[in-house]
Amino acid sequence: EDLVSALEWTRSSEVGKESGLSLQLAAALGPFWEHRGFLSEGRERLAQALHGKRRPEHDRYRVEALEAAARLAFLQSAYAEAITLYDKSLKLRRERASQKQDTRLQHGVVGVLNKIGVSAARNGDVVLAEQRLREALDLAKKTNHTRGIVGAIDHLAEVAWRQGDFDTALGRYRECRTYARQQRGTFRDLSTLDALIGHGKVLMLQERYDEAAAA
């Protein structure tokens, strides 16, 4: 209740509008709504925060709010809406990346491209999924962003098996493991595990159960 009241205040007050606090707080509450299961409420609150007039000096906060809203939409299988929100974020991220020579901004573009790709795959739009994921992969390789490479290949594997191209999917999961093992710490372990699970899932879809168990 206190958080909702604070969010309402930032949205309606001049201070909240001038400082971008409304967008900041709404975006920051994204994980709260996700973990508590308040997905519909979160989407509604974020939509209200994003409804305000765009101020270029607040674009960083708008990006965060757009991606928080897209994430909640994705979790509710509203993939078309997620794509629309991620596309808006992508446009802003591209603008920021073109203005500053900062590799981290390019990595942010890679991240959103990957999210659009997987959203499109779940929505059945294979053409858009392939387009965005290959763009993400090219940019990730260009900027030596191994995490982005792993994400793009992993999602491209999903696109392949969803089309019934199991051999391509298996090859991509193997490639994904190769890049994942170049990382350190938790990300290496989690991304390697994710690729192994994907590899096993494809074998199961092919009814190669013994191989899946051995994987």
# chains A, B, ... in the order shown; residues from 1 in each chain; ligands from 1

$ residues_around --residues "Gln48 of chain A" --least-positions-apart "3" --cutoff "12 Å" --atoms "only C-alpha atoms" --output "ChimeraX atom specification"
/A:7-8,10-12,22-23,26-27,41-45,51-53,65-66,69

$ atom_distance --atom1 "atom CA of Asn144 of chain A" --atom2 "atom CA of Ile83 of chain A"
25.6 Å

$ closest_atom_pairs --of "segment 59-163 of chain A" --to "segment 173-182 of chain A" --cutoff "7 Å" --atoms "only C-alpha atoms" --output "tab-separated table"
residue	atom	partner	partner_atom	distance
A:Thr146	CA	A:Tyr179	CA	6.7
A:Val150	CA	A:Cys176	CA	5.4
A:Ile153	CA	A:Cys176	CA	5.9
A:Asp154	CA	A:Cys176	CA	6.1
A:Ala157	CA	A:Tyr173	CA	6.2

$ residues_around --residues "Thr84 of chain A" --least-positions-apart "6" --cutoff "12 Å" --atoms "only C-alpha atoms" --output "list in words"
Leu66, Glu67, Ala69, Ala70, Arg71, Ala73, Phe74, Ala78, Leu90, Lys91, Val112, Lys115, Ile116, Gly117, Ser119 and Ala120 of chain A

$ select_by_dssp --residues "segment 18-191 of chain A" --states "helix (DSSP H, G or I)" --output "JSON, numbers by chain"
{"A": [18, 19, 21, 22, 23, 24, 25, 26, 27, 28, 30, 31, 32, 33, 34, 35, 36, 39, 40, 41, 42, 43, 44, 45, 46, 47, 48, 49, 50, 56, 57, 58, 59, 60, 61, 62, 63, 64, 65, 66, 67, 68, 69, 70, 71, 72, 73, 74, 75, 79, 80, 81, 82, 83, 84, 85, 86, 87, 88, 89, 90, 91, 92, 93, 94, 95, 96, 97, 98, 99, 103, 104, 105, 106, 107, 108, 109, 110, 111, 112, 113, 114, 115, 116, 117, 118, 119, 120, 121, 122, 126, 127, 128, 129, 130, 131, 132, 133, 134, 135, 136, 137, 138, 139, 140, 141, 142, 146, 147, 148, 149, 150, 151, 152, 153, 154, 155, 156, 157, 158, 159, 160, 161, 162, 166, 167, 168, 169, 170, 171, 172, 173, 174, 175, 176, 177, 178, 179, 180, 185, 186, 187, 188, 189, 190, 191]}

$ residues_around --residues "His58 of chain A" --least-positions-apart "4" --cutoff "9 Å" --atoms "only C-alpha atoms" --output "ChimeraX atom specification"
/A:19-20,23,54,62-63

$ atom_distance --atom1 "atom CA of Arg96 of chain A" --atom2 "atom CA of Gly111 of chain A"
14.4 Å

$ closest_residue --among "A:Leu193, A:Glu130, A:Ser98, A:Lys88" --to "Ala160 of chain A" --atoms "only C-alpha atoms"
A:Glu130

$ atom_distance --atom1 "atom CA of Arg162 of chain A" --atom2 "atom CA of Arg122 of chain A"
8.9 Å

$ decode --residues "segment 49-162 of chain A" --atoms "C-alpha atoms" --output "PDB file, in the first residue's frame"
ATOM      1  CA  ALA A  49       4.008   5.710 -15.626  1.00  0.00           C
ATOM      2  CA  LEU A  50       4.905   5.371 -19.309  1.00  0.00           C
ATOM      3  CA  HIS A  51       1.854   7.349 -20.406  1.00  0.00           C
ATOM      4  CA  GLY A  52       3.468  10.645 -19.476  1.00  0.00           C
ATOM      5  CA  LYS A  53       5.173  12.916 -21.972  1.00  0.00           C
ATOM      6  CA  ARG A  54       8.624  11.732 -22.985  1.00  0.00           C
ATOM      7  CA  ARG A  55      11.518  13.797 -21.703  1.00  0.00           C
ATOM      8  CA  PRO A  56      14.835  12.936 -23.395  1.00  0.00           C
ATOM      9  CA  GLU A  57      16.748  13.483 -20.151  1.00  0.00           C
ATOM     10  CA  HIS A  58      14.681  10.662 -18.625  1.00  0.00           C
ATOM     11  CA  ASP A  59      15.222   8.176 -21.455  1.00  0.00           C
ATOM     12  CA  ARG A  60      17.343   5.901 -19.274  1.00  0.00           C
ATOM     13  CA  TYR A  61      14.464   5.520 -16.841  1.00  0.00           C
ATOM     14  CA  ARG A  62      11.950   5.105 -19.665  1.00  0.00           C
ATOM     15  CA  VAL A  63      14.022   2.256 -21.070  1.00  0.00           C
ATOM     16  CA  GLU A  64      14.008   0.526 -17.698  1.00  0.00           C
ATOM     17  CA  ALA A  65      10.240   0.975 -17.334  1.00  0.00           C
ATOM     18  CA  LEU A  66       9.560  -0.245 -20.868  1.00  0.00           C
ATOM     19  CA  GLU A  67      11.621  -3.362 -20.310  1.00  0.00           C
ATOM     20  CA  ALA A  68      10.027  -4.027 -16.934  1.00  0.00           C
ATOM     21  CA  ALA A  69       6.588  -3.790 -18.564  1.00  0.00           C
ATOM     22  CA  ALA A  70       7.702  -6.017 -21.436  1.00  0.00           C
ATOM     23  CA  ARG A  71       9.000  -8.606 -18.988  1.00  0.00           C
ATOM     24  CA  LEU A  72       5.665  -8.781 -17.163  1.00  0.00           C
ATOM     25  CA  ALA A  73       3.784  -9.021 -20.462  1.00  0.00           C
ATOM     26  CA  PHE A  74       6.101 -11.839 -21.559  1.00  0.00           C
ATOM     27  CA  LEU A  75       5.436 -13.736 -18.337  1.00  0.00           C
ATOM     28  CA  GLN A  76       1.710 -13.544 -19.055  1.00  0.00           C
ATOM     29  CA  SER A  77       2.286 -14.836 -22.603  1.00  0.00           C
ATOM     30  CA  ALA A  78       1.274 -11.456 -24.059  1.00  0.00           C
ATOM     31  CA  TYR A  79       4.115 -11.769 -26.540  1.00  0.00           C
ATOM     32  CA  ALA A  80       2.869  -9.239 -29.095  1.00  0.00           C
ATOM     33  CA  GLU A  81       2.681  -6.553 -26.411  1.00  0.00           C
ATOM     34  CA  ALA A  82       6.109  -7.551 -25.088  1.00  0.00           C
ATOM     35  CA  ILE A  83       7.552  -7.142 -28.576  1.00  0.00           C
ATOM     36  CA  THR A  84       5.971  -3.697 -28.943  1.00  0.00           C
ATOM     37  CA  LEU A  85       7.402  -2.531 -25.616  1.00  0.00           C
ATOM     38  CA  TYR A  86      10.839  -4.004 -26.288  1.00  0.00           C
ATOM     39  CA  ASP A  87      10.842  -2.332 -29.723  1.00  0.00           C
ATOM     40  CA  LYS A  88      10.280   1.059 -28.083  1.00  0.00           C
ATOM     41  CA  SER A  89      13.129   0.362 -25.694  1.00  0.00           C
ATOM     42  CA  LEU A  90      15.346  -0.774 -28.571  1.00  0.00           C
ATOM     43  CA  LYS A  91      14.805   2.512 -30.391  1.00  0.00           C
ATOM     44  CA  LEU A  92      15.880   4.495 -27.332  1.00  0.00           C
ATOM     45  CA  ARG A  93      18.854   2.217 -26.667  1.00  0.00           C
ATOM     46  CA  ARG A  94      20.033   2.588 -30.260  1.00  0.00           C
ATOM     47  CA  GLU A  95      19.794   6.376 -29.985  1.00  0.00           C
ATOM     48  CA  ARG A  96      21.868   6.410 -26.800  1.00  0.00           C
ATOM     49  CA  ALA A  97      24.422   3.975 -28.211  1.00  0.00           C
ATOM     50  CA  SER A  98      24.855   6.103 -31.354  1.00  0.00           C
ATOM     51  CA  GLN A  99      25.526   9.212 -29.271  1.00  0.00           C
ATOM     52  CA  LYS A 100      28.232   7.694 -27.056  1.00  0.00           C
ATOM     53  CA  GLN A 101      31.113   5.388 -27.843  1.00  0.00           C
ATOM     54  CA  ASP A 102      30.406   3.060 -24.959  1.00  0.00           C
ATOM     55  CA  THR A 103      30.520  -0.695 -25.476  1.00  0.00           C
ATOM     56  CA  ARG A 104      28.176  -1.225 -22.545  1.00  0.00           C
ATOM     57  CA  LEU A 105      25.432   0.641 -24.400  1.00  0.00           C
ATOM     58  CA  GLN A 106      25.920  -1.673 -27.378  1.00  0.00           C
ATOM     59  CA  HIS A 107      25.616  -4.626 -25.016  1.00  0.00           C
ATOM     60  CA  GLY A 108      22.294  -3.207 -23.865  1.00  0.00           C
ATOM     61  CA  VAL A 109      21.120  -3.202 -27.483  1.00  0.00           C
ATOM     62  CA  VAL A 110      22.170  -6.855 -27.776  1.00  0.00           C
ATOM     63  CA  GLY A 111      20.135  -7.714 -24.697  1.00  0.00           C
ATOM     64  CA  VAL A 112      16.935  -6.167 -26.042  1.00  0.00           C
ATOM     65  CA  LEU A 113      17.409  -7.741 -29.474  1.00  0.00           C
ATOM     66  CA  ASN A 114      17.633 -11.124 -27.770  1.00  0.00           C
ATOM     67  CA  LYS A 115      14.462 -10.448 -25.791  1.00  0.00           C
ATOM     68  CA  ILE A 116      12.569  -9.419 -28.911  1.00  0.00           C
ATOM     69  CA  GLY A 117      13.844 -12.555 -30.623  1.00  0.00           C
ATOM     70  CA  VAL A 118      12.641 -14.978 -27.978  1.00  0.00           C
ATOM     71  CA  SER A 119       9.324 -13.117 -27.641  1.00  0.00           C
ATOM     72  CA  ALA A 120       8.805 -13.395 -31.399  1.00  0.00           C
ATOM     73  CA  ALA A 121       9.680 -17.093 -31.317  1.00  0.00           C
ATOM     74  CA  ARG A 122       7.064 -17.735 -28.627  1.00  0.00           C
ATOM     75  CA  ASN A 123       4.590 -15.662 -30.645  1.00  0.00           C
ATOM     76  CA  GLY A 124       5.155 -17.804 -33.733  1.00  0.00           C
ATOM     77  CA  ASP A 125       6.867 -15.071 -35.768  1.00  0.00           C
ATOM     78  CA  VAL A 126       9.892 -17.017 -36.960  1.00  0.00           C
ATOM     79  CA  VAL A 127      11.031 -14.368 -39.447  1.00  0.00           C
ATOM     80  CA  LEU A 128      11.231 -11.612 -36.831  1.00  0.00           C
ATOM     81  CA  ALA A 129      12.814 -13.989 -34.312  1.00  0.00           C
ATOM     82  CA  GLU A 130      15.589 -15.002 -36.710  1.00  0.00           C
ATOM     83  CA  GLN A 131      16.145 -11.404 -37.802  1.00  0.00           C
ATOM     84  CA  ARG A 132      16.524  -9.977 -34.313  1.00  0.00           C
ATOM     85  CA  LEU A 133      18.550 -12.886 -32.921  1.00  0.00           C
ATOM     86  CA  ARG A 134      21.020 -12.859 -35.813  1.00  0.00           C
ATOM     87  CA  GLU A 135      21.378  -9.107 -35.423  1.00  0.00           C
ATOM     88  CA  ALA A 136      22.029  -9.654 -31.710  1.00  0.00           C
ATOM     89  CA  LEU A 137      24.587 -12.356 -32.470  1.00  0.00           C
ATOM     90  CA  ASP A 138      26.459 -10.201 -35.000  1.00  0.00           C
ATOM     91  CA  LEU A 139      26.604  -7.202 -32.654  1.00  0.00           C
ATOM     92  CA  ALA A 140      27.593  -9.370 -29.686  1.00  0.00           C
ATOM     93  CA  LYS A 141      30.479 -10.885 -31.648  1.00  0.00           C
ATOM     94  CA  LYS A 142      31.530  -7.456 -32.905  1.00  0.00           C
ATOM     95  CA  THR A 143      31.681  -6.102 -29.337  1.00  0.00           C
ATOM     96  CA  ASN A 144      33.082  -9.302 -27.738  1.00  0.00           C
ATOM     97  CA  HIS A 145      29.975  -9.727 -25.614  1.00  0.00           C
ATOM     98  CA  THR A 146      30.085 -13.437 -24.785  1.00  0.00           C
ATOM     99  CA  ARG A 147      26.924 -13.374 -22.690  1.00  0.00           C
ATOM    100  CA  GLY A 148      25.048 -11.838 -25.592  1.00  0.00           C
ATOM    101  CA  ILE A 149      26.460 -14.470 -27.932  1.00  0.00           C
ATOM    102  CA  VAL A 150      25.335 -17.261 -25.611  1.00  0.00           C
ATOM    103  CA  GLY A 151      21.839 -15.779 -25.335  1.00  0.00           C
ATOM    104  CA  ALA A 152      21.437 -15.342 -29.097  1.00  0.00           C
ATOM    105  CA  ILE A 153      22.611 -18.864 -29.949  1.00  0.00           C
ATOM    106  CA  ASP A 154      20.455 -20.370 -27.206  1.00  0.00           C
ATOM    107  CA  HIS A 155      17.355 -18.603 -28.545  1.00  0.00           C
ATOM    108  CA  LEU A 156      18.253 -19.480 -32.151  1.00  0.00           C
ATOM    109  CA  ALA A 157      18.338 -23.112 -31.043  1.00  0.00           C
ATOM    110  CA  GLU A 158      14.802 -22.702 -29.710  1.00  0.00           C
ATOM    111  CA  VAL A 159      13.678 -21.180 -33.002  1.00  0.00           C
ATOM    112  CA  ALA A 160      15.123 -24.189 -34.807  1.00  0.00           C
ATOM    113  CA  TRP A 161      13.448 -26.884 -32.711  1.00  0.00           C
ATOM    114  CA  ARG A 162      10.131 -25.052 -32.761  1.00  0.00           C
TER     115      ARG A 162
END
